[in-house]
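A.B. asks: The following file, run_25.cif, comprises mmCIF, C-alpha atoms and all ligand atoms:
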data_entry
#
loop_
_atom_site.label_atom_id
_atom_site.label_comp_id
_atom_site.auth_asym_id
_atom_site.auth_seq_id
_atom_site.Cartn_x
_atom_site.Cartn_y
_atom_site.Cartn_z
CA MET B 1 -17.89 9.77 -14.15
CA THR B 2 -16.38 7.46 -16.77
CA GLU B 3 -18.54 5.16 -18.85
CA LYS B 4 -16.36 2.20 -17.98
CA SER B 5 -17.53 0.27 -14.96
CA SER B 6 -15.15 -1.69 -12.75
CA ARG B 7 -18.02 -3.96 -11.79
CA LEU B 8 -17.02 -7.21 -13.49
CA PRO B 9 -19.80 -9.67 -12.68
CA GLY B 10 -18.68 -13.31 -12.76
CA PHE B 11 -15.06 -12.30 -13.39
CA TYR B 12 -13.76 -14.80 -10.84
CA LYS B 13 -15.58 -17.67 -12.54
CA LYS B 14 -13.89 -17.08 -15.89
CA THR B 15 -10.75 -18.81 -17.10
CA LEU B 16 -7.43 -17.07 -16.73
CA ALA B 17 -7.35 -16.36 -20.49
CA GLU B 18 -10.88 -14.93 -20.44
CA ARG B 19 -10.03 -12.69 -17.50
CA ALA B 20 -6.86 -11.45 -19.20
CA ALA B 21 -8.78 -10.68 -22.39
CA GLU B 22 -11.46 -8.78 -20.49
CA VAL B 23 -8.90 -6.71 -18.61
CA ALA B 24 -6.94 -6.03 -21.80
CA GLN B 25 -10.07 -4.73 -23.48
CA TRP B 26 -11.09 -2.72 -20.43
CA ALA B 27 -7.75 -0.92 -20.26
CA ASN B 28 -6.91 -0.88 -23.98
CA LEU B 29 -3.82 -3.00 -23.43
CA THR B 30 -1.94 -4.10 -26.53
CA PRO B 31 -1.31 -7.83 -27.07
CA GLU B 32 2.31 -7.23 -26.01
CA GLU B 33 1.24 -5.45 -22.85
CA ILE B 34 -1.17 -8.15 -21.71
CA ALA B 35 1.44 -10.80 -22.59
CA THR B 36 3.79 -9.01 -20.20
CA ILE B 37 1.40 -9.98 -17.43
CA THR B 38 0.31 -13.41 -18.63
CA THR B 39 3.61 -14.84 -19.85
CA ASN B 40 6.77 -12.85 -20.23
CA GLY B 41 7.25 -10.27 -17.51
CA LEU B 42 10.63 -9.08 -16.34
CA GLN B 43 13.40 -10.70 -18.36
CA PRO B 44 16.72 -11.66 -16.71
CA GLU B 45 18.56 -9.18 -18.95
CA GLN B 46 16.31 -6.38 -17.67
CA ALA B 47 16.59 -7.61 -14.08
CA GLU B 48 20.36 -7.48 -14.40
CA LEU B 49 20.14 -3.74 -14.94
CA MET B 50 18.08 -3.31 -11.76
CA ILE B 51 20.12 -4.96 -9.00
CA GLU B 52 23.46 -6.72 -8.50
CA ASN B 53 24.53 -10.36 -8.87
CA VAL B 54 21.34 -11.28 -10.74
CA ILE B 55 20.86 -14.92 -11.69
CA GLY B 56 17.17 -14.82 -12.62
CA THR B 57 13.74 -13.48 -11.68
CA TYR B 58 10.97 -14.49 -9.25
CA ALA B 59 7.30 -14.43 -10.21
CA LEU B 60 4.21 -13.86 -8.03
CA PRO B 61 0.48 -14.04 -8.84
CA PHE B 62 -0.91 -10.91 -10.54
CA GLY B 63 -4.62 -10.49 -9.75
CA VAL B 64 -7.11 -7.75 -10.52
CA ALA B 65 -9.55 -6.33 -7.96
CA ALA B 66 -12.91 -5.11 -9.23
CA ASN B 67 -15.61 -2.68 -8.10
CA PHE B 68 -13.46 0.32 -7.18
CA GLN B 69 -14.99 3.73 -7.71
CA ILE B 70 -12.84 6.59 -6.44
CA ASN B 71 -13.86 10.25 -6.64
CA GLY B 72 -16.44 9.22 -9.25
CA ARG B 73 -14.03 7.27 -11.48
CA ASP B 74 -13.89 3.50 -11.90
CA TYR B 75 -10.61 1.68 -11.46
CA LEU B 76 -9.42 -1.89 -11.89
CA ILE B 77 -6.74 -2.52 -9.31
CA PRO B 78 -3.65 -4.64 -10.09
CA MET B 79 -2.48 -6.69 -7.11
CA VAL B 80 0.68 -8.76 -6.84
CA VAL B 81 0.43 -10.94 -3.76
CA GLU B 82 0.98 -14.54 -2.66
CA GLU B 83 -1.77 -14.65 -0.02
CA PRO B 84 -5.11 -16.24 -0.94
CA SER B 85 -8.35 -14.31 -0.36
CA VAL B 86 -6.79 -10.81 -0.44
CA VAL B 87 -8.09 -10.04 -3.95
CA ALA B 88 -11.52 -11.62 -3.43
CA ALA B 89 -11.96 -9.86 -0.09
CA ILE B 90 -11.01 -6.41 -1.33
CA SER B 91 -13.29 -6.69 -4.37
CA HIS B 92 -16.17 -7.52 -2.02
CA ALA B 93 -15.37 -4.55 0.23
CA ALA B 94 -15.05 -2.16 -2.72
CA LYS B 95 -18.50 -3.28 -3.81
CA LEU B 96 -19.92 -2.40 -0.38
CA ILE B 97 -18.33 1.06 -0.49
CA ARG B 98 -19.60 1.47 -4.03
CA ALA B 99 -23.10 0.91 -2.68
CA GLY B 100 -22.62 4.07 -0.59
CA GLY B 101 -21.39 6.17 -3.52
CA GLY B 102 -17.78 4.99 -3.77
CA PHE B 103 -14.61 6.24 -2.15
CA THR B 104 -13.74 9.86 -1.54
CA ALA B 105 -10.00 10.43 -1.56
CA SER B 106 -7.54 13.30 -1.25
CA THR B 107 -3.83 13.91 -0.72
CA SER B 108 -1.47 16.46 0.67
CA ASP B 109 1.19 17.91 -1.63
CA PRO B 110 3.87 15.27 -2.37
CA VAL B 111 6.29 16.68 0.19
CA MET B 112 9.02 14.44 1.58
CA ILE B 113 11.29 15.14 4.54
CA GLY B 114 15.08 15.00 4.28
CA GLN B 115 17.07 14.91 7.51
CA ILE B 116 20.51 16.31 8.31
CA GLN B 117 22.14 15.34 11.60
CA VAL B 118 24.38 18.09 13.06
CA LEU B 119 26.72 17.46 16.01
CA ASP B 120 29.46 19.32 17.93
CA ILE B 121 27.51 22.62 17.75
CA PRO B 122 29.20 25.15 20.08
CA ASP B 123 25.98 27.07 20.89
CA MET B 124 22.66 25.41 20.00
CA ASP B 125 20.42 28.48 20.43
CA ALA B 126 22.75 30.69 18.42
CA ALA B 127 23.01 28.01 15.71
CA ILE B 128 19.24 27.76 15.35
CA ALA B 129 18.90 31.57 15.26
CA ALA B 130 21.57 31.72 12.52
CA LEU B 131 19.85 28.99 10.51
CA GLU B 132 16.52 30.83 10.82
CA ALA B 133 18.21 33.98 9.52
CA HIS B 134 19.68 32.10 6.53
CA LYS B 135 16.54 30.20 5.52
CA PRO B 136 16.17 31.78 2.05
CA GLU B 137 19.78 30.95 1.05
CA LEU B 138 19.45 27.46 2.51
CA LEU B 139 16.31 26.75 0.49
CA GLU B 140 18.02 28.11 -2.61
CA GLN B 141 21.01 25.86 -2.00
CA ALA B 142 18.70 22.83 -1.57
CA ASP B 143 17.27 23.61 -5.01
CA CYS B 144 20.64 24.15 -6.64
CA CYS B 145 21.12 20.78 -8.25
CA ASP B 146 17.78 19.55 -9.54
CA LYS B 147 16.58 22.23 -11.90
CA LEU B 148 14.25 19.75 -13.60
CA MET B 149 12.36 19.13 -10.35
CA VAL B 150 12.14 22.88 -9.79
CA SER B 151 10.93 23.48 -13.35
CA LEU B 152 8.19 20.88 -12.78
CA GLY B 153 6.95 22.83 -9.77
CA GLY B 154 8.73 20.79 -7.10
CA GLY B 155 11.75 21.45 -4.91
CA ALA B 156 12.56 22.82 -1.47
CA ARG B 157 9.58 24.13 0.49
CA ALA B 158 10.55 24.63 4.12
CA LEU B 159 13.11 24.02 6.84
CA GLU B 160 12.58 22.87 10.40
CA PHE B 161 15.16 22.80 13.18
CA ARG B 162 14.74 20.12 15.85
CA PRO B 163 17.22 20.22 18.74
CA PHE B 164 17.83 17.05 20.80
CA PRO B 165 19.81 18.34 23.81
CA ASP B 166 20.19 14.94 25.43
CA THR B 167 21.16 11.92 23.33
CA PRO B 168 23.58 9.02 24.02
CA VAL B 169 26.27 10.99 22.12
CA GLY B 170 25.49 14.47 23.47
CA PRO B 171 23.39 17.28 22.00
CA MET B 172 22.46 17.18 18.33
CA LEU B 173 20.40 19.26 15.97
CA ILE B 174 18.27 17.61 13.30
CA VAL B 175 17.47 19.79 10.32
CA HIS B 176 14.41 18.85 8.29
CA LEU B 177 14.17 19.85 4.67
CA HIS B 178 10.62 19.66 3.27
CA TYR B 179 10.93 18.89 -0.41
CA ASP B 180 8.11 18.62 -2.95
CA CYS B 181 8.81 15.58 -5.15
CA ARG B 182 5.93 16.04 -7.63
CA ASP B 183 5.46 12.69 -9.46
CA ALA B 184 8.64 11.07 -8.16
CA MET B 185 8.85 8.94 -5.05
CA GLY B 186 11.71 11.32 -4.41
CA ALA B 187 14.32 9.36 -2.48
CA ASN B 188 17.08 10.32 -4.90
CA ALA B 189 15.97 13.93 -5.20
CA VAL B 190 15.72 14.40 -1.43
CA ASN B 191 18.98 12.61 -0.67
CA THR B 192 20.77 14.74 -3.27
CA ALA B 193 19.24 17.92 -1.84
CA VAL B 194 20.25 17.18 1.77
CA GLU B 195 23.76 16.15 0.71
CA ASN B 196 24.09 19.48 -1.11
CA LEU B 197 22.73 21.43 1.81
CA ALA B 198 24.82 19.84 4.58
CA PRO B 199 28.09 21.79 4.10
CA MET B 200 26.23 25.11 4.34
CA ILE B 201 24.48 23.93 7.52
CA ALA B 202 27.84 22.95 9.01
CA ASP B 203 29.27 26.38 8.15
CA ILE B 204 26.36 28.32 9.63
CA THR B 205 26.14 26.28 12.85
CA GLY B 206 29.86 25.73 13.39
CA GLY B 207 28.97 22.06 13.83
CA ARG B 208 29.71 18.82 11.99
CA THR B 209 27.11 17.02 9.86
CA ASN B 210 26.77 13.24 9.93
CA LEU B 211 23.73 11.52 8.32
CA ARG B 212 21.95 13.12 5.37
CA ILE B 213 18.99 11.00 4.29
CA LEU B 214 15.24 11.13 3.72
CA SER B 215 12.80 10.08 6.46
CA ASN B 216 10.32 7.31 5.72
CA LEU B 217 7.96 8.84 8.27
CA ALA B 218 6.56 10.85 5.36
CA ASP B 219 3.92 12.63 7.42
CA GLN B 220 3.95 15.65 5.08
CA ARG B 221 2.94 13.40 2.19
CA THR B 222 -0.25 11.67 3.22
CA ALA B 223 -3.26 10.24 1.45
CA THR B 224 -6.76 10.03 2.91
CA ALA B 225 -9.67 7.85 1.81
CA SER B 226 -13.16 7.54 3.20
CA GLY B 227 -16.39 5.78 2.39
CA VAL B 228 -19.87 5.18 3.72
CA ILE B 229 -21.59 1.82 3.62
CA PRO B 230 -25.36 1.82 3.95
CA ALA B 231 -26.28 -0.41 6.88
CA ALA B 232 -28.58 -2.47 4.63
CA ALA B 233 -25.59 -3.52 2.51
CA LEU B 234 -23.89 -5.02 5.56
CA GLU B 235 -26.57 -7.56 6.43
CA ARG B 236 -24.98 -11.00 6.60
CA ASP B 237 -25.41 -14.52 7.99
CA GLY B 238 -28.34 -13.70 10.22
CA TYR B 239 -26.91 -10.39 11.44
CA THR B 240 -28.71 -7.17 10.60
CA GLY B 241 -26.73 -4.48 8.82
CA THR B 242 -26.97 -2.28 11.91
CA GLU B 243 -25.43 -5.02 14.02
CA VAL B 244 -22.60 -5.59 11.55
CA ALA B 245 -21.88 -1.84 11.43
CA ARG B 246 -21.61 -1.83 15.23
CA PHE B 247 -19.37 -4.94 15.25
CA ILE B 248 -17.03 -3.27 12.75
CA ALA B 249 -16.83 -0.08 14.82
CA GLU B 250 -16.06 -2.24 17.87
CA ALA B 251 -13.34 -4.07 15.96
CA ASN B 252 -11.75 -0.75 15.02
CA ALA B 253 -11.90 0.49 18.61
CA PHE B 254 -10.01 -2.67 19.68
CA ALA B 255 -7.18 -1.67 17.31
CA VAL B 256 -7.24 1.93 18.54
CA VAL B 257 -6.63 0.98 22.17
CA ASP B 258 -4.49 -2.18 21.88
CA PRO B 259 -1.17 -2.26 19.98
CA TYR B 260 -1.28 -6.06 19.82
CA ARG B 261 -4.47 -5.86 17.81
CA ALA B 262 -3.36 -2.73 15.93
CA ALA B 263 -0.36 -4.61 14.51
CA THR B 264 -2.64 -7.21 12.92
CA HIS B 265 -5.27 -4.67 11.91
CA ASN B 266 -2.63 -2.59 10.10
CA LYS B 267 -1.03 -5.71 8.62
CA GLY B 268 -4.37 -6.42 6.96
CA ILE B 269 -4.42 -2.88 5.55
CA MET B 270 -0.94 -3.42 4.15
CA ASN B 271 -1.99 -6.73 2.56
CA GLY B 272 -3.81 -4.63 0.00
CA ILE B 273 -1.51 -1.61 -0.18
CA ASP B 274 1.69 -3.64 -0.58
CA ALA B 275 0.13 -5.74 -3.34
CA VAL B 276 -0.60 -2.64 -5.41
CA VAL B 277 2.69 -0.95 -4.51
CA ILE B 278 4.55 -4.06 -5.70
CA ALA B 279 2.46 -4.26 -8.87
CA THR B 280 3.46 -0.68 -9.71
CA GLY B 281 7.17 -1.22 -9.04
CA ASN B 282 7.24 1.13 -6.06
CA ASP B 283 9.27 0.65 -2.86
CA TRP B 284 6.95 -1.26 -0.54
CA ARG B 285 9.46 -1.22 2.36
CA ALA B 286 9.24 2.58 2.32
CA ILE B 287 5.44 2.42 2.41
CA GLU B 288 5.51 -0.16 5.23
CA ALA B 289 7.97 1.95 7.26
CA GLY B 290 5.86 5.06 6.70
CA ALA B 291 2.60 3.37 7.65
CA HIS B 292 3.83 1.77 10.86
CA SER B 293 5.79 4.77 12.11
CA TYR B 294 2.76 6.98 11.38
CA ALA B 295 0.57 4.53 13.32
CA ALA B 296 2.80 5.16 16.34
CA ARG B 297 2.99 8.95 15.93
CA ASN B 298 0.96 9.65 19.09
CA GLY B 299 3.33 7.64 21.26
CA ARG B 300 1.25 4.46 21.11
CA TYR B 301 0.93 2.19 18.09
CA GLN B 302 -2.68 2.45 16.86
CA ALA B 303 -5.07 1.59 14.05
CA LEU B 304 -4.57 3.61 10.87
CA THR B 305 -8.33 3.62 10.32
CA ASP B 306 -11.42 5.05 11.93
CA TRP B 307 -14.73 3.18 11.54
CA HIS B 308 -17.83 4.42 13.27
CA VAL B 309 -21.59 4.24 12.97
CA THR B 310 -23.13 7.43 11.63
CA GLU B 311 -26.17 9.15 13.10
CA ASN B 312 -28.46 7.38 10.65
CA GLY B 313 -26.96 3.97 11.38
CA ASP B 314 -24.67 3.62 8.36
CA LEU B 315 -20.99 2.76 8.62
CA TYR B 316 -18.35 5.42 7.97
CA GLY B 317 -14.69 4.54 7.44
CA GLU B 318 -11.60 6.65 6.97
CA ILE B 319 -7.87 6.13 6.66
CA THR B 320 -4.92 8.53 6.48
CA LEU B 321 -1.34 7.39 6.06
CA PRO B 322 1.96 8.46 4.49
CA MET B 323 2.12 7.51 0.83
CA ALA B 324 5.54 8.04 -0.71
CA VAL B 325 4.94 6.60 -4.17
CA GLY B 326 6.00 7.80 -7.58
CA ILE B 327 5.04 7.24 -11.17
CA VAL B 328 8.37 8.26 -12.69
CA GLY B 329 11.78 6.85 -11.94
CA GLY B 330 12.86 3.67 -10.22
CA ALA B 331 11.30 0.37 -11.18
CA THR B 332 7.98 2.04 -12.11
CA LYS B 333 9.40 2.88 -15.51
CA VAL B 334 11.81 -0.06 -15.86
CA HIS B 335 9.82 -3.13 -14.86
CA PRO B 336 7.66 -4.05 -17.88
CA THR B 337 4.80 -5.46 -15.77
CA ALA B 338 4.78 -2.40 -13.51
CA LYS B 339 4.34 -0.19 -16.56
CA VAL B 340 1.31 -2.24 -17.63
CA ALA B 341 -0.09 -2.13 -14.08
CA MET B 342 0.05 1.67 -14.26
CA LYS B 343 -1.70 1.69 -17.60
CA LEU B 344 -4.35 -0.68 -16.26
CA MET B 345 -5.25 1.89 -13.62
CA GLY B 346 -4.81 4.85 -15.95
CA ILE B 347 -2.83 6.67 -13.28
CA GLN B 348 -1.82 10.20 -14.30
CA SER B 349 0.06 11.45 -11.23
CA ALA B 350 1.75 10.29 -8.04
CA PRO B 351 -0.98 11.88 -5.87
CA GLU B 352 -3.59 9.93 -7.85
CA LEU B 353 -1.74 6.68 -7.17
CA ALA B 354 -1.47 7.65 -3.50
CA MET B 355 -5.24 8.16 -3.33
CA VAL B 356 -5.91 4.78 -4.94
CA LEU B 357 -3.59 3.15 -2.40
CA ALA B 358 -5.37 4.76 0.54
CA CYS B 359 -8.69 3.43 -0.81
CA VAL B 360 -7.15 -0.01 -1.23
CA GLY B 361 -6.00 0.04 2.41
CA LEU B 362 -9.43 1.09 3.65
CA ALA B 363 -11.21 -1.57 1.60
CA GLN B 364 -8.83 -4.35 2.61
CA ASN B 365 -9.34 -3.44 6.25
CA LEU B 366 -13.11 -3.37 5.88
CA ALA B 367 -13.09 -6.84 4.35
CA ALA B 368 -10.97 -8.22 7.17
CA ILE B 369 -12.81 -6.71 10.13
CA LYS B 370 -16.20 -7.43 8.62
CA ALA B 371 -15.33 -11.11 8.28
CA LEU B 372 -13.63 -11.19 11.69
CA SER B 373 -16.57 -9.61 13.45
CA THR B 374 -19.18 -11.86 11.82
CA VAL B 375 -18.38 -15.35 10.53
CA GLY B 376 -14.66 -15.27 11.40
CA ILE B 377 -11.77 -15.12 9.00
CA GLN B 378 -11.20 -18.81 8.56
CA LYS B 379 -14.33 -19.63 6.60
CA GLY B 380 -13.30 -17.80 3.43
CA HIS B 381 -9.62 -18.11 4.08
CA MET B 382 -9.46 -21.86 4.50
CA ARG B 383 -11.40 -22.55 1.33
CA LEU B 384 -8.71 -20.73 -0.62
CA HIS B 385 -5.91 -22.01 1.57
CA ALA B 386 -7.09 -25.55 0.74
CA ARG B 387 -6.00 -25.01 -2.85
CA GLN B 388 -2.47 -24.19 -1.76
CA VAL B 389 -2.41 -27.25 0.52
CA ALA B 390 -3.56 -29.41 -2.40
CA ILE B 391 -0.79 -28.02 -4.61
CA ALA B 392 1.78 -28.53 -1.85
CA ALA B 393 0.64 -32.17 -1.65
CA GLY B 394 1.46 -32.57 -5.34
CA ALA B 395 -1.96 -32.10 -6.97
CA THR B 396 -1.99 -30.68 -10.50
CA ASN B 397 -4.63 -29.17 -12.84
CA ASP B 398 -8.16 -30.42 -12.07
CA GLN B 399 -6.96 -32.38 -9.06
CA VAL B 400 -6.25 -29.11 -7.19
CA GLN B 401 -9.86 -27.91 -6.98
CA ALA B 402 -11.24 -31.43 -6.41
CA ILE B 403 -8.93 -32.03 -3.46
CA ALA B 404 -9.44 -28.50 -2.12
CA ASN B 405 -13.21 -29.00 -2.17
CA GLN B 406 -12.92 -32.28 -0.32
CA LEU B 407 -10.54 -30.83 2.29
CA ALA B 408 -12.91 -27.92 2.87
CA ALA B 409 -15.95 -30.21 3.09
CA GLU B 410 -14.18 -32.41 5.64
CA LYS B 411 -12.85 -29.31 7.48
CA LYS B 412 -9.47 -31.07 7.53
CA ILE B 413 -7.23 -28.74 5.61
CA ASN B 414 -3.85 -30.31 6.12
CA ILE B 415 -1.16 -31.73 3.91
CA VAL B 416 -1.42 -35.32 5.20
CA ARG B 417 -5.11 -35.54 4.31
CA ALA B 418 -4.40 -33.85 0.96
CA GLN B 419 -1.77 -36.49 0.18
CA GLU B 420 -4.22 -39.27 1.07
CA LEU B 421 -6.86 -37.80 -1.23
CA LEU B 422 -4.31 -37.38 -4.01
CA ALA B 423 -3.23 -41.01 -3.67
CA GLU B 424 -6.90 -42.07 -3.90
CA LEU B 425 -7.41 -39.94 -6.99
CA ASN B 426 -4.30 -41.29 -8.65
CA GLN B 427 -5.38 -44.87 -7.99
CA ARG B 428 -8.70 -44.38 -9.75
C1 LIG B 501 -4.34 -11.66 7.43
O1 LIG B 501 -3.33 -11.62 6.45
C2 LIG B 501 -4.85 -10.27 7.77
C3 LIG B 501 -5.84 -10.20 8.92
O2 LIG B 501 -5.28 -10.81 10.08
C4 LIG B 501 -6.10 -8.73 9.18
C5 LIG B 501 -6.89 -8.45 10.43
O3 LIG B 501 -6.86 -9.25 11.39
O4 LIG B 501 -7.51 -7.37 10.47
C6 LIG B 501 -7.11 -10.93 8.62
#
Could you take the file, read its structure, and then write that structure out as structure tokens?
C.D. replies:
Amino acid sequence: MTEKSSRLPGFYKKTLAERAAEVAQWANLTPEEIATITTNGLQPEQAELMIENVIGTYALPFGVAANFQINGRDYLIPMVVEEPSVVAAISHAAKLIRAGGGFTASTSDPVMIGQIQVLDIPDMDAAIAALEAHKPELLEQADCCDKLMVSLGGGARALEFRPFPDTPVGPMLIVHLHYDCRDAMGANAVNTAVENLAPMIADITGGRTNLRILSNLADQRTATASGVIPAAALERDGYTGTEVARFIAEANAFAVVDPYRAATHNKGIMNGIDAVVIATGNDWRAIEAGAHSYAARNGRYQALTDWHVTENGDLYGEITLPMAVGIVGGATKVHPTAKVAMKLMGIQSAPELAMVLACVGLAQNLAAIKALSTVGIQKGHMRLHARQVAIAAGATNDQVQAIANQLAAEKKINIVRAQELLAELNQR
């Protein structure tokens, strides 16, 4: 266990500058690194090297979640997100899981799937038999062009042959290449490997290859997180901890059986995961696609989590989902703020980042379903939402909190009332 604690009491009450200074000290950030977050992140000249037709950049709030302890180590979690209450909620949930000893997390090997579509095969059974017979050469061919990946311990691992006899365009064979991407997200490595492999597959099968691309249903590259919350820590607003634990298990069961609820349940999980994925410069669309397709892997879209009451009345939660993230390549090493976000967490490998993300998803979900199954989501949400309404009405500086407080007290959180209050304030 590290000496550094991610418990940051009173952090939220501090000024922005005080919070930045505390985080900088916590993570040994240089003045330049912390300035990357507080003032001068991605510059237009850097952005121009990332995508096409650049005319500027677009900033989002960068928050830090506290209280995370994962496999015995404390982490501060960088979160880039526009939605109020996400960071506060997850910090609260991480504190609850900390009370039960923190998160336990693990990952599979970082193995991605590349797909090759093969059509016009004269004899499907014979083609598959021939491919089986040529597996060693095929795997060697898949490794031909990325010697660096191979030297780092990654590269081609396995092949799978999936015939689809009946499709709208006739029979097709889908070849899966399992490819260990080590610390890379791996899209480029996998796409290169399947493009290199395709001509050999066409030769062996006598067919014609069409698409050659990775699959975002990265079910060979998953991360799992779990945690136990002592029932006593769940006591809230007149409910006993045992009751709250039961309500949370019931909420999870709702999302297991009903896709309409599962969509929202999983959206809440992704509130946290996306925020960290974005902070680290990873591809959040890939993570979203992986999570939702994995949630539907049994033929019905379901919750990504399991929450149940243990024999001694505590609450146990677990999540498993695909986690195709990297710590080398792409924007992770180009975007200056993403580099600082990585340093803030002290991440040493892609699997470590994947584990952190699974814990983030579990904690965000806990916060949401705990609130939903007790006081309701609006209580905390609207208080924070009121600030955004006040800003939208034109309030600045101190006016924002004053108007937000009044809106919350009146339980009338709308822009018309905010404008009235602002006019009153301005008249004084
Ligand atoms: C809102 O962004 C997320 C929630 O709807 C998630 C959930 O319902 O579990 C609160």
A.B. asks: Which residues, written as a PyMOL selection string, have at least one atom at most 10 Å from Leu29 (chain B), with all atoms listed in the file counted and residues fewer than 4 positions away on the same chain left out?
C.D. replies: chain B and resi 20-21+23-25+33-35+340+343-344
A.B. asks: Using the selection just defined, write its residues with C-alpha atoms as a compact mmCIF listing (two decimals), in the coordinates of the input.
C.D. replies:
# COMPACT_ATOMS: atom_id res chain seq x y z
CA ALA B 20 -6.86 -11.45 -19.20
CA ALA B 21 -8.78 -10.68 -22.39
CA VAL B 23 -8.90 -6.71 -18.61
CA ALA B 24 -6.94 -6.03 -21.80
CA GLN B 25 -10.07 -4.73 -23.48
CA GLU B 33 1.24 -5.45 -22.85
CA ILE B 34 -1.17 -8.15 -21.71
CA ALA B 35 1.44 -10.80 -22.59
CA VAL B 340 1.31 -2.24 -17.63
CA LYS B 343 -1.70 1.69 -17.60
CA LEU B 344 -4.35 -0.68 -16.26
A.B. asks: Using all atoms listed in the file, which of B:Ala341, B:Ile273, B:Ile413, B:Ala65 sits nearest Ala386 (chain B)?
C.D. replies: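 Smallest separation from Ala386 (chain B) among the options: B:Ile413.
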A.B. asks: Give the answer as one residue: which of B:Val356, B:Ile116, B:Val150, B:Met124 has the shortest atom-to-atom distance to Gln69 (chain B), using all atoms listed in the file?
C.D. replies: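 Looking only at the distances to Gln69 (chain B), the closest residue turns out to be B:Val356.
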A.B. asks: Can you pull out every residue with an atom within 6 Å of ligand LIG 501 (chain B)? Use all atoms listed in the file and format it as a list of chain:residue names.
C.D. replies: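 Sorted by chain and then by number, the residues are B:Thr264, B:His265, B:Lys267, B:Gly268, B:Ala368, B:Ile369.
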A.B. asks: Give the answer as one residue: which of B:Leu76, B:Ile248, B:Leu372, B:Ala262 has the shortest atom-to-atom distance to Trp307 (chain B), using all atoms listed in the file?
C.D. replies: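 Going through B:Leu76, B:Ile248, B:Leu372, B:Ala262 one by one, the smallest distance to Trp307 (chain B) is for B:Ile248.
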A.B. asks: Could the residues of region 343-418 of chain B that have an atom at most 6 Å from region 91-108 of chain B be listed as a Markdown table, each with its closest atom pair and the distance in Å to one decimal, counting only C-alpha atoms and ordered by chain and ascending residue number?
C.D. replies:
| residue | atom | partner | partner_atom | distance |
| --- | --- | --- | --- | --- |
| B:Met355 | CA | B:Ala105 | CA | 5.6 |
| B:Ala363 | CA | B:Ala93 | CA | 5.3 |
| B:Ala367 | CA | B:Ala93 | CA | 5.2 |
A.B. asks: Have a look at CA of Asp146 (chain B) and CA of Gln46 (chain B) and let me know their distance in Å, one decimal.
C.D. replies: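 Taking CA of Asp146 (chain B) as the start and CA of Gln46 (chain B) as the end point, the length is 27.2 Å.
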A.B. asks: Can you write out as a Markdown table which residues of region 291-359 of chain B fall within 8 Å of region 172-186 of chain B, alongside each residue's closest atom pair and its distance in Å to one decimal, counting only C-alpha atoms and ordering rows by chain and ascending residue number?
C.D. replies:
| residue | atom | partner | partner_atom | distance |
| --- | --- | --- | --- | --- |
| B:Ala324 | CA | B:Met185 | CA | 5.5 |
| B:Val325 | CA | B:Met185 | CA | 4.6 |
| B:Gly326 | CA | B:Met185 | CA | 4.0 |
| B:Ile327 | CA | B:Asp183 | CA | 5.7 |
| B:Val328 | CA | B:Ala184 | CA | 5.3 |
| B:Gly329 | CA | B:Ala184 | CA | 6.5 |
| B:Ser349 | CA | B:Asp183 | CA | 5.8 |
| B:Ala350 | CA | B:Asp183 | CA | 4.6 |
| B:Pro351 | CA | B:Asp183 | CA | 7.4 |
A.B. asks: Quick one: residues within 6 Å of region 79-84 of chain B, all atoms listed in the file, excluding same-chain residues fewer than 2 positions away - as a list in words?
C.D. replies: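 The residues satisfying every condition are Pro61, Phe62, Gly63, Val64, Val86, Ala275, Val276, Ala279 and Leu384 of chain B.
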